[in-house]
>>> print(open('input_15.cif').read())   # mmCIF, C-alpha atoms
data_upload
loop_
_atom_site.label_atom_id
_atom_site.label_comp_id
_atom_site.auth_asym_id
_atom_site.auth_seq_id
_atom_site.Cartn_x
_atom_site.Cartn_y
_atom_site.Cartn_z
CA MET A 1 65.18 21.01 -207.79
CA THR A 2 62.81 23.99 -207.41
CA ALA A 3 62.63 23.64 -203.64
CA ALA A 4 66.43 23.63 -203.41
CA VAL A 5 66.88 26.68 -205.63
CA GLN A 6 64.24 28.99 -204.14
CA PRO A 7 65.80 29.33 -200.65
CA LEU A 8 69.15 30.16 -202.24
CA ARG A 9 67.54 32.91 -204.32
CA ALA A 10 65.80 34.27 -201.25
CA ALA A 11 69.13 34.50 -199.48
CA THR A 12 70.78 36.37 -202.34
CA GLU A 13 67.95 38.70 -203.40
CA ARG A 14 68.18 41.03 -200.38
CA PRO A 15 67.60 44.75 -200.94
CA ASP A 16 71.33 45.43 -200.58
CA SER A 17 72.48 42.48 -202.72
CA THR A 18 74.29 43.18 -205.98
CA GLY A 19 73.88 41.64 -209.41
CA ASP A 20 77.38 40.15 -209.09
CA ALA A 21 76.43 38.21 -205.96
CA ASP A 22 73.32 36.79 -207.61
CA THR A 23 75.32 35.78 -210.70
CA SER A 24 77.92 34.08 -208.50
CA ALA A 25 75.22 32.03 -206.77
CA LEU A 26 73.79 30.89 -210.10
CA ASP A 27 77.27 29.98 -211.35
CA ALA A 28 77.72 27.79 -208.27
CA ILE A 29 74.50 25.95 -209.04
CA GLY A 30 75.66 25.33 -212.59
CA SER A 31 79.01 23.97 -211.43
CA LEU A 32 77.32 21.57 -209.03
CA ALA A 33 75.07 20.25 -211.80
CA ARG A 34 78.02 19.57 -214.10
CA GLU A 35 79.96 17.83 -211.32
CA THR A 36 76.99 15.60 -210.52
CA LEU A 37 76.58 14.68 -214.18
CA GLY A 38 80.27 13.83 -214.46
CA GLU A 39 80.00 11.58 -211.43
CA ARG A 40 77.00 9.84 -212.96
CA VAL A 41 78.90 9.11 -216.18
CA THR A 42 81.87 7.91 -214.11
CA GLY A 43 79.57 5.56 -212.21
CA GLU A 44 78.12 4.13 -215.40
CA LEU A 45 81.54 3.46 -216.91
CA ARG A 46 82.84 2.03 -213.64
CA ALA A 47 79.93 -0.39 -213.55
CA LEU A 48 80.68 -1.55 -217.11
CA LEU A 49 84.35 -2.12 -216.25
CA VAL A 50 83.68 -3.97 -212.99
CA ALA A 51 81.07 -6.13 -214.73
CA GLY A 52 83.45 -6.97 -217.56
CA ARG A 53 81.17 -5.45 -220.18
CA LEU A 54 84.20 -3.67 -221.62
CA ALA A 55 87.01 -5.97 -222.77
CA PRO A 56 90.78 -5.40 -222.49
CA GLY A 57 92.00 -3.47 -225.52
CA GLU A 58 88.50 -2.28 -226.44
CA LYS A 59 88.38 1.33 -227.63
CA LEU A 60 85.68 3.69 -226.43
CA SER A 61 83.96 6.27 -228.58
CA LEU A 62 83.35 9.23 -226.29
CA ARG A 63 80.65 10.46 -228.65
CA ARG A 64 78.82 7.13 -228.43
CA VAL A 65 79.06 7.19 -224.64
CA ALA A 66 77.62 10.71 -224.60
CA GLU A 67 74.77 9.72 -226.93
CA ALA A 68 73.96 6.55 -224.98
CA LEU A 69 73.73 8.47 -221.69
CA GLY A 70 72.08 11.55 -223.16
CA VAL A 71 74.77 13.95 -221.99
CA SER A 72 77.25 16.35 -223.58
CA MET A 73 80.89 15.52 -224.20
CA MET A 74 82.12 17.47 -221.16
CA PRO A 75 80.97 15.04 -218.41
CA VAL A 76 82.19 12.11 -220.52
CA ARG A 77 85.66 13.65 -220.74
CA GLU A 78 85.59 14.29 -216.98
CA ALA A 79 84.69 10.65 -216.35
CA VAL A 80 87.46 9.39 -218.63
CA SER A 81 90.00 11.60 -216.84
CA ARG A 82 88.96 10.20 -213.47
CA LEU A 83 89.08 6.60 -214.64
CA ALA A 84 92.41 7.13 -216.40
CA ALA A 85 93.82 8.47 -213.12
CA ASP A 86 92.72 5.20 -211.49
CA GLY A 87 94.38 3.17 -214.25
CA ALA A 88 91.03 1.77 -215.37
CA LEU A 89 91.20 3.47 -218.79
CA GLU A 90 94.10 4.77 -220.81
CA VAL A 91 94.27 7.72 -223.19
CA LEU A 92 96.30 6.97 -226.30
CA PRO A 93 97.97 9.41 -228.72
CA GLY A 94 95.31 11.23 -230.70
CA ARG A 95 93.01 11.15 -227.62
CA ALA A 96 91.77 7.65 -228.33
CA VAL A 97 90.55 5.90 -225.17
CA ARG A 98 90.71 2.19 -224.48
CA VAL A 99 90.54 -0.39 -221.72
CA PRO A 100 94.13 -1.28 -220.73
CA VAL A 101 95.62 -4.66 -221.57
CA LEU A 102 97.42 -5.86 -218.46
CA SER A 103 100.87 -7.36 -218.56
CA LEU A 104 101.45 -10.70 -216.87
CA ALA A 105 103.42 -8.95 -214.12
CA GLN A 106 100.64 -6.40 -213.54
CA PHE A 107 98.03 -9.13 -213.41
CA ARG A 108 100.03 -11.17 -210.90
CA GLU A 109 100.50 -8.10 -208.70
CA LEU A 110 96.78 -7.36 -208.91
CA THR A 111 95.98 -10.95 -207.99
CA ARG A 112 98.21 -10.78 -204.91
CA LEU A 113 96.47 -7.61 -203.78
CA ARG A 114 93.06 -9.19 -204.34
CA LEU A 115 94.01 -12.21 -202.25
CA VAL A 116 94.93 -9.95 -199.34
CA VAL A 117 92.09 -7.43 -199.53
CA GLU A 118 89.23 -9.66 -200.67
CA GLY A 119 90.39 -12.47 -198.41
CA PHE A 120 90.13 -10.09 -195.45
CA ALA A 121 86.66 -9.03 -196.62
CA ALA A 122 85.56 -12.67 -196.73
CA GLU A 123 86.75 -13.17 -193.14
CA GLU A 124 84.87 -10.10 -191.94
CA ALA A 125 81.76 -11.12 -193.85
CA ALA A 126 81.78 -14.49 -192.11
CA ARG A 127 81.91 -12.68 -188.76
CA GLN A 128 79.43 -9.89 -189.52
CA ALA A 129 76.89 -11.25 -192.03
CA THR A 130 73.24 -10.92 -191.04
CA PRO A 131 70.57 -13.45 -192.06
CA ALA A 132 69.50 -11.01 -194.78
CA ASP A 133 73.10 -10.79 -196.05
CA ILE A 134 73.33 -14.58 -196.22
CA GLU A 135 70.03 -14.77 -198.12
CA ARG A 136 71.39 -12.33 -200.73
CA ILE A 137 74.59 -14.33 -201.16
CA GLU A 138 72.54 -17.55 -201.46
CA ALA A 139 70.32 -15.98 -204.12
CA PHE A 140 73.29 -14.93 -206.24
CA ASP A 141 74.91 -18.32 -205.77
CA ALA A 142 71.71 -19.97 -207.03
CA ALA A 143 71.63 -17.62 -210.03
CA PHE A 144 75.26 -18.43 -210.81
CA ARG A 145 74.61 -22.18 -210.62
CA GLN A 146 71.57 -21.91 -212.84
CA ALA A 147 73.46 -19.93 -215.49
CA ALA A 148 76.53 -22.15 -215.31
CA SER A 149 74.49 -25.35 -215.53
CA ALA A 150 72.40 -24.29 -218.52
CA ASP A 151 72.90 -26.07 -221.84
CA PRO A 152 74.81 -24.27 -223.20
CA PRO A 153 76.01 -22.27 -220.17
CA ASP A 154 74.67 -18.71 -220.04
CA SER A 155 78.03 -17.00 -219.65
CA ALA A 156 76.63 -13.44 -219.55
CA ALA A 157 74.24 -14.30 -216.70
CA ALA A 158 76.99 -16.22 -214.92
CA VAL A 159 79.35 -13.24 -215.11
CA ALA A 160 76.69 -10.94 -213.64
CA ALA A 161 75.78 -13.40 -210.87
CA ASN A 162 79.44 -13.97 -210.02
CA ARG A 163 80.02 -10.24 -209.63
CA ASP A 164 76.86 -9.83 -207.56
CA LEU A 165 77.77 -12.76 -205.32
CA HIS A 166 81.23 -11.40 -204.60
CA PHE A 167 80.03 -7.90 -203.81
CA ALA A 168 77.13 -9.17 -201.69
CA LEU A 169 79.76 -11.03 -199.68
CA TYR A 170 82.01 -7.98 -199.35
CA GLU A 171 79.11 -5.70 -198.42
CA ALA A 172 78.25 -8.12 -195.61
CA ALA A 173 81.55 -7.12 -193.98
CA ALA A 174 79.89 -3.72 -193.32
CA MET A 175 83.05 -1.73 -194.11
CA PRO A 176 82.36 0.91 -196.78
CA SER A 177 86.02 1.91 -197.16
CA LEU A 178 86.89 -1.72 -197.82
CA ILE A 179 84.28 -1.87 -200.59
CA GLU A 180 85.87 1.18 -202.21
CA MET A 181 89.27 -0.54 -202.19
CA ILE A 182 87.83 -3.70 -203.74
CA GLU A 183 85.97 -1.74 -206.41
CA ARG A 184 89.26 -0.11 -207.43
CA LEU A 185 90.85 -3.53 -207.79
CA TRP A 186 87.91 -4.81 -209.84
CA LEU A 187 88.10 -1.77 -212.12
CA LYS A 188 91.38 -3.20 -213.36
CA ALA A 189 90.66 -6.91 -212.91
CA GLY A 190 87.02 -7.01 -214.05
CA PRO A 191 87.60 -6.75 -217.81
CA ILE A 192 90.08 -9.66 -218.01
CA LEU A 193 88.33 -11.83 -215.39
CA ASN A 194 84.96 -11.58 -217.04
CA LEU A 195 86.31 -11.78 -220.58
CA ASP A 196 87.78 -15.14 -219.61
CA MET A 197 84.51 -16.38 -218.15
CA ARG A 198 82.55 -15.23 -221.21
CA HIS A 199 84.94 -16.83 -223.68
CA GLU A 200 85.36 -20.11 -221.77
CA PRO A 201 81.79 -21.12 -220.88
CA ARG A 202 82.84 -24.76 -220.52
CA ARG A 203 84.81 -23.78 -217.40
CA LEU A 204 81.50 -22.94 -215.76
CA GLU A 205 80.12 -26.46 -215.84
CA GLY A 206 80.96 -27.93 -212.45
CA GLY A 207 84.13 -25.84 -212.42
CA SER A 208 86.27 -24.51 -209.61
CA ALA A 209 84.19 -21.35 -209.20
CA MET A 210 81.03 -23.29 -208.42
CA GLN A 211 82.86 -25.46 -205.90
CA ALA A 212 84.58 -22.49 -204.24
CA HIS A 213 81.29 -20.62 -203.98
CA ALA A 214 79.68 -23.60 -202.24
CA ARG A 215 82.51 -23.76 -199.71
CA LEU A 216 82.41 -20.02 -199.24
CA LEU A 217 78.69 -19.94 -198.57
CA GLU A 218 78.91 -22.81 -196.10
CA ALA A 219 81.75 -21.07 -194.25
CA VAL A 220 79.72 -17.85 -193.96
CA ARG A 221 76.72 -19.77 -192.66
CA ARG A 222 78.92 -21.38 -190.00
CA ARG A 223 80.68 -18.11 -189.11
CA ASN A 224 83.99 -19.77 -189.98
CA ALA A 225 86.17 -16.83 -190.99
CA PRO A 226 89.36 -18.80 -191.88
CA ALA A 227 87.36 -21.21 -194.07
CA ALA A 228 85.63 -18.31 -195.81
CA ARG A 229 88.97 -16.71 -196.58
CA ALA A 230 90.41 -19.99 -197.86
CA ALA A 231 87.46 -20.58 -200.20
CA LEU A 232 87.61 -17.04 -201.54
CA GLU A 233 91.36 -17.28 -202.09
CA ASP A 234 90.94 -20.57 -203.95
CA ASP A 235 88.32 -18.95 -206.19
CA ILE A 236 90.61 -16.02 -207.04
CA ALA A 237 93.72 -18.16 -207.46
CA ALA A 238 92.09 -20.73 -209.74
CA ALA A 239 90.73 -18.07 -212.10
CA ALA A 240 94.04 -16.20 -212.10
CA ALA A 241 96.06 -19.32 -212.87
CA HIS A 242 93.83 -20.13 -215.85
CA ILE A 243 94.02 -16.59 -217.23
CA ALA A 244 97.81 -16.52 -216.88
CA GLU A 245 98.00 -19.64 -219.05
CA THR A 246 95.75 -18.41 -221.85
CA GLY A 247 98.13 -15.88 -223.40
CA GLN A 248 95.62 -13.01 -223.07
CA LEU A 249 98.10 -10.89 -221.10
CA ARG A 250 101.02 -8.86 -222.38
CA ALA A 251 104.48 -10.28 -221.75
#
>>> encode(input="input_15.cif", output="structure tokens")
Amino acid sequence: MTAAVQPLRAATERPDSTGDADTSALDAIGSLARETLGERVTGELRALLVAGRLAPGEKLSLRRVAEALGVSMMPVREAVSRLAADGALEVLPGRAVRVPVLSLAQFRELTRLRLVVEGFAAEEAARQATPADIERIEAFDAAFRQAASADPPDSAAAVAANRDLHFALYEAAAMPSLIEMIERLWLKAGPILNLDMRHEPRRLEGGSAMQAHARLLEAVRRRNAPAARAALEDDIAAAAAHIAETGQLRA
């Protein structure tokens, strides 16, 4: 921080510089710091949503978020505004904030988008994955199997490994803009997808997800893009069909 600030001061503290110019430069530094802090809080909340650590309908205490992250209320409010604009959080009357509860129609639309976007990512991953990429996917698959096969199943570890496996696959496509699109979809889908997996640990034992992951990994190893897409689509569709039948979505 010191090294970055000193050159700026040197540039502004010329013999003919005014106090107003120096104040303006300091104000700019302050604004940048606040923006960076707001982005950090946004990133933390995004990670919780994508990972399903926040459940649909759960209310957030902005004060508790600020205390947990050691920041003031301002960057927390900035983060909530950004996430509300993305539809990942909603602000209720009285400024209460909660994770949205999707309607059945919204969830079905989201599922259709995921099939298109994430299916494409699976195809590209099968074409572009490096040996290191495949090793990462294999490691997360092994972690998922271990968690799902435990007695009783470790649903929290399975949820984390499932998320990591999917994003390791998508990152193997080497398309950063595509990852951004998928993250936006998971901001909305993550809470309900992972709530289902946490509350139904019996589905993990030899379930459709484990089978789809095995097919997906084999397709990536063989560079078989259509097979990778089919396995990924089956994984998404099976989970979506189960959730739609549970009554956890609004009519």
>>> resolve_selection(input="input_15.cif", expression="the PyMOL selection byres ((chain A and resi 169) around 9)", output="ChimeraX atom specification")
/A:121-122,125-126,129,133-134,136-137,164-168,170-173,220
>>> atom_distance(input="input_15.cif", atom1="atom CA of A:Ala47", atom2="atom CA of A:Gly207")
25.8 Å
>>> closest_residue(input="input_15.cif", among="A:Ala51, A:Ala212, A:Val80, A:Glu123", to="A:Ala161", atoms="all atoms listed in the file")
A:Ala51
>>> resolve_selection(input="input_15.cif", expression="the PyMOL selection byres ((chain A and resi 247) around 12)", output="list of chain:residue names")
A:Val101, A:Leu102, A:Ser103, A:Leu104, A:Ile192, A:Asp196, A:Ala241, A:His242, A:Ile243, A:Ala244, A:Glu245, A:Thr246, A:Gln248, A:Leu249, A:Arg250, A:Ala251
>>> resolve_selection(input="input_15.cif", expression="the PyMOL selection byres ((chain A and resi 216) around 9)", output="MDAnalysis selection string")
chainID A and resid 122 211:215 217:221 227:232
>>> residues_around(input="input_15.cif", residues="A:Arg114", least_positions_apart="6", cutoff="9 Å", atoms="only C-alpha atoms", output="PyMOL selection string")
chain A and resi 182+185-186+233+236
>>> closest_residue(input="input_15.cif", among="A:Arg40, A:Arg82, A:Arg163, A:Arg77", to="A:Arg53", atoms="all atoms listed in the file")
A:Arg163
>>> atom_distance(input="input_15.cif", atom1="atom CA of A:Arg63", atom2="atom CA of A:Thr42")
14.8 Å
>>> atom_distance(input="input_15.cif", atom1="atom CA of A:Ala96", atom2="atom CA of A:Val76")
13.1 Å
>>> closest_residue(input="input_15.cif", among="A:Leu110, A:Val41, A:Ser61, A:Ala55", to="A:Met74", atoms="only C-alpha atoms")
A:Val41
>>> closest_atom_pairs(input="input_15.cif", of="stretch 169-250 of chain A", to="stretch 85-93 of chain A", cutoff="12 Å", atoms="only C-alpha atoms", output="Markdown table")
| residue | atom | partner | partner_atom | distance |
| --- | --- | --- | --- | --- |
| A:Met181 | CA | A:Asp86 | CA | 11.5 |
| A:Glu183 | CA | A:Ala88 | CA | 10.9 |
| A:Arg184 | CA | A:Asp86 | CA | 7.5 |
| A:Leu185 | CA | A:Ala88 | CA | 9.3 |
| A:Trp186 | CA | A:Ala88 | CA | 9.1 |
| A:Leu187 | CA | A:Ala88 | CA | 5.6 |
| A:Lys188 | CA | A:Ala88 | CA | 5.4 |
| A:Ala189 | CA | A:Ala88 | CA | 9.0 |
| A:Gly190 | CA | A:Ala88 | CA | 9.7 |
| A:Pro191 | CA | A:Ala88 | CA | 9.5 |
| A:Ile192 | CA | A:Ala88 | CA | 11.8 |
>>> write_last_selection(input="input_15.cif", atoms="C-alpha atoms", output="mmCIF file, in the frame of the given file")
data_model
loop_
_atom_site.group_PDB
_atom_site.id
_atom_site.type_symbol
_atom_site.label_atom_id
_atom_site.label_comp_id
_atom_site.auth_asym_id
_atom_site.auth_seq_id
_atom_site.Cartn_x
_atom_site.Cartn_y
_atom_site.Cartn_z
ATOM 1 C CA MET A 181 89.270 -0.540 -202.190
ATOM 2 C CA GLU A 183 85.970 -1.740 -206.410
ATOM 3 C CA ARG A 184 89.260 -0.110 -207.430
ATOM 4 C CA LEU A 185 90.850 -3.530 -207.790
ATOM 5 C CA TRP A 186 87.910 -4.810 -209.840
ATOM 6 C CA LEU A 187 88.100 -1.770 -212.120
ATOM 7 C CA LYS A 188 91.380 -3.200 -213.360
ATOM 8 C CA ALA A 189 90.660 -6.910 -212.910
ATOM 9 C CA GLY A 190 87.020 -7.010 -214.050
ATOM 10 C CA PRO A 191 87.600 -6.750 -217.810
ATOM 11 C CA ILE A 192 90.080 -9.660 -218.010
#
>>> closest_residue(input="input_15.cif", among="A:Met210, A:Val97, A:Met73, A:Ala238", to="A:Thr111", atoms="all atoms listed in the file")
A:Ala238
